[in-house]
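Peer 1: Starting off with a structure, shown below.
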Protein chains: 2
Amino acid sequence: MKSTGLLVDCGAPPTGDSHTDCHKVIMPVRDALDVISGKWKLPIIIAVSRGHNRFRDIERSIPKITSKVLSKELKDLETHKLIRRTVYDTQPVQVEYTLTPYAATLESVIVALQQWGLQHRKKILGK
Amino acid sequence: MKSTGLLVDCGAPPTGDSHTDCHKVIMPVRDALDVISGKWKLPIIIAVSRGHNRFRDIERSIPKITSKVLSKELKDLETHKLIRRTVYDTQPVQVEYTLTPYAATLESVIVALQQWGLQHRKKILGK
DNA sequence: GTAACCAGTTTCCAAAAGGTAAGTGCTTTA
DNA sequence: TAAAGCACTTACCTTTTGGAAACTGGTTAC
């Protein structure tokens with residue numbers, strides 16, 4: 001999903017619509033998806049929140065991610081103020097990724113997705 | 001996000017990892033994202049749940065969606081047993097899209113995303 | 001002194017997602 | 001009888017996403 005700005009342009013709601021509450025749900029959901037959808041963003045946030053704070057550590061903790069993709073996604077997450085990148089002036093330099101307090105607000109989203117994903121897997125495997 | 005099967009192959013978790021609980025979160029989240037991520041799936045589910053049941057009606061209720069994309073996404077959602085397509089044997093044929101009971105289980109995910117999206121928009125617009 | 005680790009970047013490419021525009025076959029409305 | 005609506009499909013194209021592999025420039029461990 002392309003992010004032209006920081007929020008989604010949903011256009012004007014159709015006029016004369018008897019279901020305008022529909023847009024009151026769709027618009028915020030699209031704003032949220034714009035930030036967190038895609039294959040890697042939430043997995044990265046989860047990994048960092050679980051104590052994987054170094055680049056190679058995050059990379060190893062997320063199956064099949066490549067360094068190129070990780071590098072790009074970390075930059076996106078920084079732009080959205082969800083992850084902070086700290087460089088320590090050591091020899092050699094150490095780089096640490098941490099969640100911002102703002103990222104903690106995603107907890108309920110992650111929990112909802114985790115629980116739905118768990119029951120979905122059970123359903124598909126034919127519990 | 002490509003869906004080769006119905007569930008994500010996350011590979012084996014790294015061995016000797018002190019943060020294995022990380023995978024217990026990442027895997028179900030990726031299973032869930034595999035079904036619902038992308039720009040249109042949740043907006044379509046929301047629209048249908050709000051009483052937009054005909055093709056053109058859904059199309060009009062979601063800003064900027066095109067009939068090509070809507071057609072494709074509806075098929076995906078049918079495959080995932082989230083939407084049911086019913087054809088009425090009238091002249092001309094009427095087609096109705098409804099949510100399956102299973103789709104109702106996504107309610108908590110939608111609510112979590114809606115609320116996060118709402119506060120995110122407020123934050124970005126500099127409340 | 002060479003192999004390995006760190007934190008990435010670069011290049012090249014394929015696949016997936018999404019947009020534009022037009023068209024199809026049917027029916028209903030003005 | 002022409003215009004418009006319904007439920008789509010098709011062809012073509014651009015953008016986005018993702019993957020493989022090599023490489024950089026440093027440091028540390030053996």
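Quick note on naming: the chains in the structure tokens go A, B, ... in the order shown, residues restart at 1 in each chain, and ligands are numbered from 1 in order of appearance.
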As a PyMOL selection string, please: the residues near stretch 12-23 of chain D (cut-off 9 Å, only C-alpha atoms (C1' of nucleotides), same-chain neighbours under 3 positions excluded).
Peer 2: (chain A and resi 1-2+38+66+69) or (chain B and resi 1) or (chain C and resi 9-11+13-20)
Peer 1: Save out the residues we just selected, N, CA, C and O atoms (P, O5', C5', C4', C3', O3' and C1' of nucleotides), as an mmCIF file, in the first residue's frame.
Peer 2:
data_model
loop_
_atom_site.group_PDB
_atom_site.id
_atom_site.type_symbol
_atom_site.label_atom_id
_atom_site.label_comp_id
_atom_site.auth_asym_id
_atom_site.auth_seq_id
_atom_site.Cartn_x
_atom_site.Cartn_y
_atom_site.Cartn_z
ATOM 1 N N MET A 1 0.829 -1.207 0.000
ATOM 2 C CA MET A 1 0.000 0.000 0.000
ATOM 3 C C MET A 1 0.861 1.253 0.000
ATOM 4 O O MET A 1 1.738 1.414 0.825
ATOM 5 N N LYS A 2 0.594 2.113 -0.947
ATOM 6 C CA LYS A 2 1.394 3.335 -1.058
ATOM 7 C C LYS A 2 0.955 4.353 0.002
ATOM 8 O O LYS A 2 -0.203 4.496 0.315
ATOM 9 N N GLY A 38 1.088 -4.890 5.313
ATOM 10 C CA GLY A 38 2.299 -5.373 4.685
ATOM 11 C C GLY A 38 2.805 -6.540 5.501
ATOM 12 O O GLY A 38 2.394 -6.779 6.630
ATOM 13 N N THR A 66 14.894 -10.559 4.664
ATOM 14 C CA THR A 66 16.257 -10.291 4.186
ATOM 15 C C THR A 66 16.718 -8.944 4.741
ATOM 16 O O THR A 66 15.903 -8.116 5.144
ATOM 17 N N VAL A 69 15.128 -5.837 2.999
ATOM 18 C CA VAL A 69 13.758 -5.533 3.386
ATOM 19 C C VAL A 69 13.713 -5.010 4.819
ATOM 20 O O VAL A 69 13.027 -4.031 5.114
ATOM 21 N N MET B 1 0.478 -9.123 -0.304
ATOM 22 C CA MET B 1 1.060 -10.343 0.269
ATOM 23 C C MET B 1 0.541 -11.563 -0.461
ATOM 24 O O MET B 1 -0.644 -11.754 -0.613
ATOM 25 P P DT C 9 21.333 1.239 4.635
ATOM 26 O "O5'" DT C 9 22.280 0.856 3.405
ATOM 27 C "C5'" DT C 9 23.583 1.411 3.313
ATOM 28 C "C4'" DT C 9 24.180 0.995 1.979
ATOM 29 C "C3'" DT C 9 23.297 1.337 0.774
ATOM 30 O "O3'" DT C 9 24.114 2.006 -0.181
ATOM 31 C "C1'" DT C 9 23.875 -0.956 0.739
ATOM 32 P P DT C 10 23.457 2.628 -1.468
ATOM 33 O "O5'" DT C 10 23.689 1.491 -2.576
ATOM 34 C "C5'" DT C 10 24.994 0.997 -2.812
ATOM 35 C "C4'" DT C 10 24.942 -0.102 -3.871
ATOM 36 C "C3'" DT C 10 23.954 0.184 -5.003
ATOM 37 O "O3'" DT C 10 24.678 0.274 -6.231
ATOM 38 C "C1'" DT C 10 23.701 -2.038 -4.160
ATOM 39 P P DT C 11 23.923 0.731 -7.576
ATOM 40 O "O5'" DT C 11 23.649 -0.651 -8.326
ATOM 41 C "C5'" DT C 11 24.658 -1.672 -8.329
ATOM 42 C "C4'" DT C 11 24.064 -2.971 -8.869
ATOM 43 C "C3'" DT C 11 23.014 -2.778 -9.967
ATOM 44 O "O3'" DT C 11 23.340 -3.571 -11.088
ATOM 45 C "C1'" DT C 11 22.218 -4.258 -8.305
ATOM 46 P P DC C 13 18.909 -7.930 -14.908
ATOM 47 O "O5'" DC C 13 17.664 -8.690 -14.291
ATOM 48 C "C5'" DC C 13 17.850 -9.879 -13.520
ATOM 49 C "C4'" DC C 13 16.609 -10.142 -12.691
ATOM 50 C "C3'" DC C 13 15.297 -10.110 -13.474
ATOM 51 O "O3'" DC C 13 14.826 -11.443 -13.631
ATOM 52 C "C1'" DC C 13 15.103 -9.085 -11.308
ATOM 53 P P DA C 14 13.519 -11.755 -14.505
ATOM 54 O "O5'" DA C 14 12.469 -12.131 -13.372
ATOM 55 C "C5'" DA C 14 12.871 -12.949 -12.277
ATOM 56 C "C4'" DA C 14 11.694 -13.068 -11.333
ATOM 57 C "C3'" DA C 14 10.349 -13.261 -12.007
ATOM 58 O "O3'" DA C 14 9.650 -14.273 -11.295
ATOM 59 C "C1'" DA C 14 10.296 -11.290 -10.655
ATOM 60 P P DA C 15 8.216 -14.747 -11.747
ATOM 61 O "O5'" DA C 15 7.299 -14.093 -10.628
ATOM 62 C "C5'" DA C 15 7.697 -14.169 -9.270
ATOM 63 C "C4'" DA C 15 6.747 -13.340 -8.433
ATOM 64 C "C3'" DA C 15 5.280 -13.520 -8.796
ATOM 65 O "O3'" DA C 15 4.598 -13.740 -7.583
ATOM 66 C "C1'" DA C 15 5.863 -11.205 -8.811
ATOM 67 P P DA C 16 3.028 -14.059 -7.550
ATOM 68 O "O5'" DA C 16 2.438 -12.728 -6.895
ATOM 69 C "C5'" DA C 16 3.112 -12.162 -5.775
ATOM 70 C "C4'" DA C 16 2.518 -10.800 -5.476
ATOM 71 C "C3'" DA C 16 0.996 -10.750 -5.580
ATOM 72 O "O3'" DA C 16 0.532 -10.177 -4.375
ATOM 73 C "C1'" DA C 16 1.986 -8.991 -6.849
ATOM 74 P P DA C 17 -1.027 -9.931 -4.098
ATOM 75 O "O5'" DA C 17 -1.164 -8.375 -4.390
ATOM 76 C "C5'" DA C 17 -0.224 -7.483 -3.814
ATOM 77 C "C4'" DA C 17 -0.527 -6.086 -4.297
ATOM 78 C "C3'" DA C 17 -2.020 -5.759 -4.356
ATOM 79 O "O3'" DA C 17 -2.200 -4.556 -3.630
ATOM 80 C "C1'" DA C 17 -0.954 -5.221 -6.409
ATOM 81 P P DG C 18 -3.665 -3.960 -3.412
ATOM 82 O "O5'" DG C 18 -3.759 -2.922 -4.612
ATOM 83 C "C5'" DG C 18 -2.743 -1.923 -4.741
ATOM 84 C "C4'" DG C 18 -2.924 -1.190 -6.040
ATOM 85 C "C3'" DG C 18 -4.367 -0.772 -6.344
ATOM 86 O "O3'" DG C 18 -4.369 0.633 -6.489
ATOM 87 C "C1'" DG C 18 -3.319 -1.686 -8.246
ATOM 88 P P DG C 19 -5.701 1.453 -6.593
ATOM 89 O "O5'" DG C 19 -5.628 2.034 -8.073
ATOM 90 C "C5'" DG C 19 -4.490 2.826 -8.438
ATOM 91 C "C4'" DG C 19 -4.550 3.124 -9.919
ATOM 92 C "C3'" DG C 19 -5.916 3.576 -10.416
ATOM 93 O "O3'" DG C 19 -5.753 4.794 -11.145
ATOM 94 C "C1'" DG C 19 -5.082 1.808 -11.771
ATOM 95 P P DT C 20 -6.990 5.565 -11.718
ATOM 96 O "O5'" DT C 20 -7.030 5.102 -13.236
ATOM 97 C "C5'" DT C 20 -5.820 5.052 -13.995
ATOM 98 C "C4'" DT C 20 -6.146 4.955 -15.476
ATOM 99 C "C3'" DT C 20 -7.517 5.506 -15.874
ATOM 100 O "O3'" DT C 20 -7.357 6.215 -17.092
ATOM 101 C "C1'" DT C 20 -7.367 3.205 -16.474
#
Peer 1: Counting only C-alpha atoms, a student should be able to say which residues of chain B come within 7 Å of chain A; what is the right answer, written as an MDAnalysis selection string?
Peer 2: chainID B and resid 1 7 10:11 14 19 22 25:26 28:29 31:32 37:39 43 46:47 50 61 63 108:109 112:114 116:118 121
Peer 1: Store the residues picked out above, limited to C-alpha atoms, as a PDB file, in the first residue's frame.
Peer 2:
ATOM      1  CA  MET B   1       1.060 -10.343   0.269  1.00  0.00           C
ATOM      2  CA  LEU B   7      -1.354 -20.527   6.031  1.00  0.00           C
ATOM      3  CA  CYS B  10       7.240 -19.186   8.849  1.00  0.00           C
ATOM      4  CA  GLY B  11      10.035 -21.687   8.713  1.00  0.00           C
ATOM      5  CA  PRO B  14      15.949 -20.143  15.228  1.00  0.00           C
ATOM      6  CA  HIS B  19      13.004 -15.281  22.839  1.00  0.00           C
ATOM      7  CA  CYS B  22       8.411 -14.091  19.775  1.00  0.00           C
ATOM      8  CA  VAL B  25       3.182 -14.050  18.338  1.00  0.00           C
ATOM      9  CA  ILE B  26       4.667 -13.507  14.891  1.00  0.00           C
ATOM     10  CA  PRO B  28      -0.418 -16.108  14.147  1.00  0.00           C
ATOM     11  CA  VAL B  29      -0.136 -12.425  13.281  1.00  0.00           C
ATOM     12  CA  ASP B  31      -1.519 -15.888   9.379  1.00  0.00           C
ATOM     13  CA  ALA B  32      -4.032 -13.147  10.089  1.00  0.00           C
ATOM     14  CA  SER B  37      -3.937  -7.311   4.787  1.00  0.00           C
ATOM     15  CA  GLY B  38      -4.014  -5.219   1.692  1.00  0.00           C
ATOM     16  CA  LYS B  39      -5.816  -2.049   0.929  1.00  0.00           C
ATOM     17  CA  PRO B  43     -13.073  -2.015   3.884  1.00  0.00           C
ATOM     18  CA  ILE B  46     -17.018  -3.379   6.706  1.00  0.00           C
ATOM     19  CA  ALA B  47     -19.142  -2.193   3.791  1.00  0.00           C
ATOM     20  CA  ARG B  50     -23.058  -2.249   7.090  1.00  0.00           C
ATOM     21  CA  SER B  61     -19.602   2.757  -0.624  1.00  0.00           C
ATOM     22  CA  PRO B  63     -14.071   5.486  -2.051  1.00  0.00           C
ATOM     23  CA  SER B 108     -12.409  -7.367  17.405  1.00  0.00           C
ATOM     24  CA  VAL B 109      -9.694  -6.882  14.781  1.00  0.00           C
ATOM     25  CA  ALA B 112      -8.878  -2.444  17.312  1.00  0.00           C
ATOM     26  CA  LEU B 113      -7.806  -1.044  13.935  1.00  0.00           C
ATOM     27  CA  GLN B 114     -10.585   1.528  13.886  1.00  0.00           C
ATOM     28  CA  TRP B 116      -5.992   2.928  16.579  1.00  0.00           C
ATOM     29  CA  GLY B 117      -6.650   4.659  13.264  1.00  0.00           C
ATOM     30  CA  LEU B 118      -8.800   7.283  14.931  1.00  0.00           C
ATOM     31  CA  ARG B 121      -5.298  10.582  12.668  1.00  0.00           C
TER      32      ARG B 121
END
Peer 1: Listing only residues of chain B within 8 Å of chain D, what is the closest atom pair and its distance in Å (to one decimal) for each, using only C-alpha atoms (C1' of nucleotides), sorted by chain and residue number ascending, as a Markdown table?
Peer 2:
| residue | atom | partner | partner_atom | distance |
| --- | --- | --- | --- | --- |
| B:Phe55 | CA | D:DA7 | C1' | 6.8 |
| B:Arg56 | CA | D:DC6 | C1' | 7.5 |
| B:Ser67 | CA | D:DC8 | C1' | 7.7 |
| B:Lys68 | CA | D:DT9 | C1' | 7.9 |
| B:Ser71 | CA | D:DC8 | C1' | 7.5 |
| B:Val95 | CA | D:DA7 | C1' | 7.8 |
Peer 1: Based on the selection just made, write C-alpha atoms of those residues as a compact mmCIF listing (two decimals), in the first residue's frame.
Peer 2:
# COMPACT_ATOMS: atom_id res chain seq x y z
CA PHE B 55 -21.90 -5.24 -6.23
CA ARG B 56 -22.52 -1.63 -7.30
CA SER B 67 -14.86 -2.77 -10.21
CA LYS B 68 -11.88 -4.83 -11.29
CA SER B 71 -14.36 -8.30 -8.21
CA VAL B 95 -26.26 -11.15 -6.87
Peer 1: Quick one: pull the distance between atom CA of A:Ile58 and atom CA of B:Lys123, Å, one decimal.
Peer 2: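 It comes out at 28.0 Å.
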Peer 1: Return as a list in words the residues belonging to chain C that are within 8 Å of chain A, counting only C-alpha atoms (C1' of nucleotides).
Peer 2: DC6, DA7, DG8 and DT9 of chain C
Peer 1: From a DSSP calculation on the backbone, collect every residue of chain B in strand (DSSP E or B) and output the set as a PyMOL selection string.
Peer 2: chain B and resi 83-88+94-99
Peer 1: Now that the selection is made, can you save its residues with N, CA, C and O atoms as a PDB file, in the first residue's frame?
Peer 2:
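Listed below is the output, result_21.pdb:
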ATOM      1  N   ILE B  83     -16.903 -14.269   2.969  1.00  0.00           N
ATOM      2  CA  ILE B  83     -18.058 -13.692   2.272  1.00  0.00           C
ATOM      3  C   ILE B  83     -18.749 -14.779   1.463  1.00  0.00           C
ATOM      4  O   ILE B  83     -18.087 -15.672   0.923  1.00  0.00           O
ATOM      5  N   ARG B  84     -20.068 -14.691   1.433  1.00  0.00           N
ATOM      6  CA  ARG B  84     -20.832 -15.636   0.632  1.00  0.00           C
ATOM      7  C   ARG B  84     -21.497 -14.888  -0.522  1.00  0.00           C
ATOM      8  O   ARG B  84     -22.016 -13.797  -0.347  1.00  0.00           O
ATOM      9  N   ARG B  85     -21.443 -15.476  -1.700  1.00  0.00           N
ATOM     10  CA  ARG B  85     -22.047 -14.890  -2.894  1.00  0.00           C
ATOM     11  C   ARG B  85     -23.291 -15.705  -3.227  1.00  0.00           C
ATOM     12  O   ARG B  85     -23.221 -16.915  -3.428  1.00  0.00           O
ATOM     13  N   THR B  86     -24.410 -15.030  -3.258  1.00  0.00           N
ATOM     14  CA  THR B  86     -25.666 -15.718  -3.547  1.00  0.00           C
ATOM     15  C   THR B  86     -26.266 -15.137  -4.822  1.00  0.00           C
ATOM     16  O   THR B  86     -26.397 -13.920  -4.958  1.00  0.00           O
ATOM     17  N   VAL B  87     -26.591 -16.019  -5.748  1.00  0.00           N
ATOM     18  CA  VAL B  87     -27.204 -15.582  -6.997  1.00  0.00           C
ATOM     19  C   VAL B  87     -28.686 -15.933  -6.960  1.00  0.00           C
ATOM     20  O   VAL B  87     -29.042 -17.088  -6.755  1.00  0.00           O
ATOM     21  N   TYR B  88     -29.530 -14.934  -7.137  1.00  0.00           N
ATOM     22  CA  TYR B  88     -30.963 -15.179  -7.153  1.00  0.00           C
ATOM     23  C   TYR B  88     -31.432 -15.355  -8.581  1.00  0.00           C
ATOM     24  O   TYR B  88     -31.040 -14.604  -9.478  1.00  0.00           O
ATOM     25  N   GLN B  94     -29.977 -11.365  -9.771  1.00  0.00           N
ATOM     26  CA  GLN B  94     -29.477 -10.490  -8.721  1.00  0.00           C
ATOM     27  C   GLN B  94     -28.407 -11.244  -7.964  1.00  0.00           C
ATOM     28  O   GLN B  94     -28.557 -12.436  -7.691  1.00  0.00           O
ATOM     29  N   VAL B  95     -27.341 -10.527  -7.635  1.00  0.00           N
ATOM     30  CA  VAL B  95     -26.260 -11.148  -6.872  1.00  0.00           C
ATOM     31  C   VAL B  95     -26.150 -10.432  -5.536  1.00  0.00           C
ATOM     32  O   VAL B  95     -26.167  -9.197  -5.492  1.00  0.00           O
ATOM     33  N   GLU B  96     -26.075 -11.207  -4.489  1.00  0.00           N
ATOM     34  CA  GLU B  96     -25.990 -10.605  -3.162  1.00  0.00           C
ATOM     35  C   GLU B  96     -24.765 -11.137  -2.435  1.00  0.00           C
ATOM     36  O   GLU B  96     -24.503 -12.340  -2.444  1.00  0.00           O
ATOM     37  N   TYR B  97     -24.022 -10.225  -1.821  1.00  0.00           N
ATOM     38  CA  TYR B  97     -22.864 -10.609  -1.014  1.00  0.00           C
ATOM     39  C   TYR B  97     -23.208 -10.431   0.454  1.00  0.00           C
ATOM     40  O   TYR B  97     -23.703  -9.373   0.851  1.00  0.00           O
ATOM     41  N   THR B  98     -22.966 -11.455   1.219  1.00  0.00           N
ATOM     42  CA  THR B  98     -23.205 -11.353   2.657  1.00  0.00           C
ATOM     43  C   THR B  98     -21.995 -11.891   3.412  1.00  0.00           C
ATOM     44  O   THR B  98     -21.201 -12.658   2.869  1.00  0.00           O
ATOM     45  N   LEU B  99     -21.864 -11.460   4.648  1.00  0.00           N
ATOM     46  CA  LEU B  99     -20.791 -11.990   5.478  1.00  0.00           C
ATOM     47  C   LEU B  99     -21.187 -13.368   5.982  1.00  0.00           C
ATOM     48  O   LEU B  99     -22.354 -13.632   6.262  1.00  0.00           O
TER      49      LEU B  99
END
Peer 1: Just the helix (DSSP H, G or I) stuff from stretch 3-125 of chain B, please, per backbone DSSP, written as a compact mmCIF listing (two decimals) with N, CA and C atoms, in the first residue's frame.
Peer 2:
# COMPACT_ATOMS: atom_id res chain seq x y z
N ASP B 21 9.13 -17.06 22.46
CA ASP B 21 7.75 -16.58 22.53
C ASP B 21 7.47 -15.60 21.40
N CYS B 22 8.51 -14.99 20.91
CA CYS B 22 8.41 -14.09 19.77
C CYS B 22 7.71 -14.75 18.60
N HIS B 23 8.09 -16.00 18.32
CA HIS B 23 7.45 -16.70 17.20
C HIS B 23 6.02 -17.07 17.46
N LYS B 24 5.71 -17.27 18.71
CA LYS B 24 4.33 -17.59 19.07
C LYS B 24 3.42 -16.41 18.78
N VAL B 25 3.99 -15.22 18.69
CA VAL B 25 3.18 -14.05 18.34
C VAL B 25 3.26 -13.79 16.84
N ILE B 26 4.48 -13.85 16.30
CA ILE B 26 4.67 -13.51 14.89
C ILE B 26 3.88 -14.44 13.97
N MET B 27 3.92 -15.73 14.25
CA MET B 27 3.26 -16.66 13.33
C MET B 27 1.76 -16.43 13.20
N PRO B 28 1.01 -16.38 14.31
CA PRO B 28 -0.42 -16.11 14.15
C PRO B 28 -0.71 -14.74 13.55
N VAL B 29 0.10 -13.75 13.87
CA VAL B 29 -0.14 -12.42 13.28
C VAL B 29 0.06 -12.49 11.77
N ARG B 30 1.06 -13.25 11.34
CA ARG B 30 1.26 -13.37 9.90
C ARG B 30 0.15 -14.17 9.24
N ASP B 31 -0.36 -15.17 9.92
CA ASP B 31 -1.52 -15.89 9.38
C ASP B 31 -2.70 -14.94 9.19
N ALA B 32 -2.92 -14.09 10.17
CA ALA B 32 -4.03 -13.15 10.09
C ALA B 32 -3.79 -12.13 8.98
N LEU B 33 -2.59 -11.59 8.91
CA LEU B 33 -2.28 -10.60 7.89
C LEU B 33 -2.45 -11.19 6.50
N ASP B 34 -2.11 -12.45 6.38
CA ASP B 34 -2.20 -13.12 5.09
C ASP B 34 -3.63 -13.09 4.56
N VAL B 35 -4.58 -13.11 5.45
CA VAL B 35 -5.99 -13.11 5.03
C VAL B 35 -6.53 -11.71 4.85
N ILE B 36 -6.15 -10.80 5.74
CA ILE B 36 -6.84 -9.51 5.74
C ILE B 36 -6.00 -8.32 5.33
N LYS B 41 -9.48 -5.44 1.61
CA LYS B 41 -10.29 -6.52 2.18
C LYS B 41 -11.13 -6.08 3.37
N LEU B 42 -10.52 -5.40 4.33
CA LEU B 42 -11.31 -4.98 5.49
C LEU B 42 -12.36 -3.94 5.12
N PRO B 43 -12.02 -2.93 4.31
CA PRO B 43 -13.07 -2.01 3.88
C PRO B 43 -14.26 -2.74 3.24
N ILE B 44 -13.99 -3.76 2.45
CA ILE B 44 -15.10 -4.50 1.83
C ILE B 44 -15.93 -5.21 2.89
N ILE B 45 -15.26 -5.85 3.82
CA ILE B 45 -15.99 -6.54 4.89
C ILE B 45 -16.84 -5.55 5.69
N ILE B 46 -16.27 -4.40 5.96
CA ILE B 46 -17.02 -3.38 6.71
C ILE B 46 -18.24 -2.93 5.91
N ALA B 47 -18.03 -2.66 4.62
CA ALA B 47 -19.14 -2.19 3.79
C ALA B 47 -20.26 -3.23 3.75
N VAL B 48 -19.90 -4.48 3.55
CA VAL B 48 -20.93 -5.53 3.47
C VAL B 48 -21.64 -5.65 4.82
N SER B 49 -20.87 -5.56 5.89
CA SER B 49 -21.49 -5.70 7.22
C SER B 49 -22.42 -4.54 7.52
N PHE B 55 -23.21 -5.61 -5.68
CA PHE B 55 -21.90 -5.24 -6.23
C PHE B 55 -21.73 -3.72 -6.38
N ARG B 56 -22.65 -3.08 -7.09
CA ARG B 56 -22.52 -1.63 -7.30
C ARG B 56 -22.64 -0.84 -6.01
N ASP B 57 -23.42 -1.38 -5.10
CA ASP B 57 -23.62 -0.74 -3.82
C ASP B 57 -22.32 -0.74 -3.00
N ILE B 58 -21.65 -1.90 -3.00
CA ILE B 58 -20.36 -2.00 -2.31
C ILE B 58 -19.36 -1.05 -2.98
N GLU B 59 -19.36 -1.09 -4.31
CA GLU B 59 -18.42 -0.25 -5.07
C GLU B 59 -18.59 1.23 -4.72
N ARG B 60 -19.84 1.66 -4.65
CA ARG B 60 -20.09 3.07 -4.35
C ARG B 60 -19.72 3.43 -2.92
N SER B 61 -19.80 2.44 -2.04
CA SER B 61 -19.60 2.76 -0.62
C SER B 61 -18.13 2.80 -0.22
N SER B 67 -14.12 -1.52 -10.11
CA SER B 67 -14.86 -2.77 -10.21
C SER B 67 -13.93 -3.96 -10.39
N LYS B 68 -12.83 -3.74 -11.11
CA LYS B 68 -11.88 -4.83 -11.29
C LYS B 68 -11.33 -5.33 -9.95
N VAL B 69 -10.88 -4.39 -9.14
CA VAL B 69 -10.31 -4.75 -7.85
C VAL B 69 -11.37 -5.35 -6.93
N LEU B 70 -12.55 -4.75 -6.93
CA LEU B 70 -13.61 -5.26 -6.07
C LEU B 70 -13.94 -6.70 -6.44
N SER B 71 -14.05 -6.96 -7.74
CA SER B 71 -14.36 -8.30 -8.21
C SER B 71 -13.33 -9.31 -7.73
N LYS B 72 -12.06 -8.95 -7.87
CA LYS B 72 -11.00 -9.86 -7.46
C LYS B 72 -10.98 -10.09 -5.94
N GLU B 73 -11.15 -9.02 -5.20
CA GLU B 73 -11.09 -9.14 -3.73
C GLU B 73 -12.28 -9.93 -3.19
N LEU B 74 -13.43 -9.75 -3.82
CA LEU B 74 -14.60 -10.52 -3.38
C LEU B 74 -14.35 -12.02 -3.56
N LYS B 75 -13.69 -12.36 -4.66
CA LYS B 75 -13.36 -13.78 -4.89
C LYS B 75 -12.41 -14.30 -3.82
N ASP B 76 -11.40 -13.50 -3.49
CA ASP B 76 -10.46 -13.89 -2.43
C ASP B 76 -11.20 -14.11 -1.11
N LEU B 77 -12.09 -13.18 -0.80
CA LEU B 77 -12.81 -13.27 0.48
C LEU B 77 -13.74 -14.47 0.50
N GLU B 78 -14.27 -14.81 -0.66
CA GLU B 78 -15.09 -16.02 -0.75
C GLU B 78 -14.22 -17.26 -0.47
N THR B 79 -13.05 -17.29 -1.09
CA THR B 79 -12.11 -18.40 -0.88
C THR B 79 -11.78 -18.57 0.60
N PRO B 101 -20.89 -16.19 9.05
CA PRO B 101 -20.74 -16.06 10.50
C PRO B 101 -19.26 -15.96 10.89
N TYR B 102 -18.42 -16.64 10.11
CA TYR B 102 -16.99 -16.61 10.42
C TYR B 102 -16.43 -15.19 10.36
N ALA B 103 -16.91 -14.40 9.41
CA ALA B 103 -16.42 -13.03 9.27
C ALA B 103 -16.69 -12.21 10.52
N ALA B 104 -17.73 -12.57 11.24
CA ALA B 104 -18.06 -11.84 12.47
C ALA B 104 -16.93 -11.93 13.49
N THR B 105 -16.14 -12.99 13.39
CA THR B 105 -15.03 -13.14 14.35
C THR B 105 -13.95 -12.08 14.12
N LEU B 106 -14.03 -11.39 12.99
CA LEU B 106 -13.05 -10.34 12.73
C LEU B 106 -13.40 -9.03 13.42
N GLU B 107 -14.56 -9.02 14.06
CA GLU B 107 -15.03 -7.77 14.68
C GLU B 107 -13.99 -7.13 15.61
N SER B 108 -13.36 -7.95 16.45
CA SER B 108 -12.41 -7.37 17.41
C SER B 108 -11.20 -6.78 16.69
N VAL B 109 -10.80 -7.42 15.57
CA VAL B 109 -9.69 -6.88 14.78
C VAL B 109 -10.08 -5.53 14.19
N ILE B 110 -11.29 -5.47 13.66
CA ILE B 110 -11.76 -4.22 13.04
C ILE B 110 -11.87 -3.11 14.07
N VAL B 111 -12.40 -3.44 15.22
CA VAL B 111 -12.53 -2.43 16.28
C VAL B 111 -11.16 -1.93 16.71
N ALA B 112 -10.22 -2.85 16.89
CA ALA B 112 -8.88 -2.44 17.31
C ALA B 112 -8.24 -1.52 16.28
N LEU B 113 -8.39 -1.87 14.99
CA LEU B 113 -7.81 -1.04 13.93
C LEU B 113 -8.51 0.30 13.83
N GLN B 114 -9.82 0.28 13.97
CA GLN B 114 -10.58 1.53 13.89
C GLN B 114 -10.15 2.50 14.99
N GLN B 115 -10.04 1.97 16.21
CA GLN B 115 -9.68 2.85 17.31
C GLN B 115 -8.24 3.35 17.18
N TRP B 116 -7.37 2.47 16.75
CA TRP B 116 -5.99 2.93 16.58
C TRP B 116 -5.92 3.97 15.47
N GLY B 117 -6.63 3.73 14.39
CA GLY B 117 -6.65 4.66 13.26
C GLY B 117 -7.19 6.02 13.66
N LEU B 118 -8.21 6.02 14.49
CA LEU B 118 -8.80 7.28 14.93
C LEU B 118 -7.81 8.11 15.73
N GLN B 119 -7.16 7.48 16.70
CA GLN B 119 -6.21 8.24 17.51
C GLN B 119 -4.98 8.61 16.69
N HIS B 120 -4.63 7.75 15.71
CA HIS B 120 -3.48 8.08 14.87
C HIS B 120 -3.75 9.33 14.03
N ARG B 121 -4.95 9.40 13.46
CA ARG B 121 -5.30 10.58 12.67
C ARG B 121 -5.25 11.84 13.54
N LYS B 122 -5.77 11.73 14.75
CA LYS B 122 -5.72 12.89 15.66
C LYS B 122 -4.28 13.27 15.94
N LYS B 123 -3.44 12.26 16.16
CA LYS B 123 -2.04 12.55 16.47
C LYS B 123 -1.35 13.24 15.30
N ILE B 124 -1.56 12.69 14.10
CA ILE B 124 -0.89 13.26 12.92
C ILE B 124 -1.38 14.68 12.65
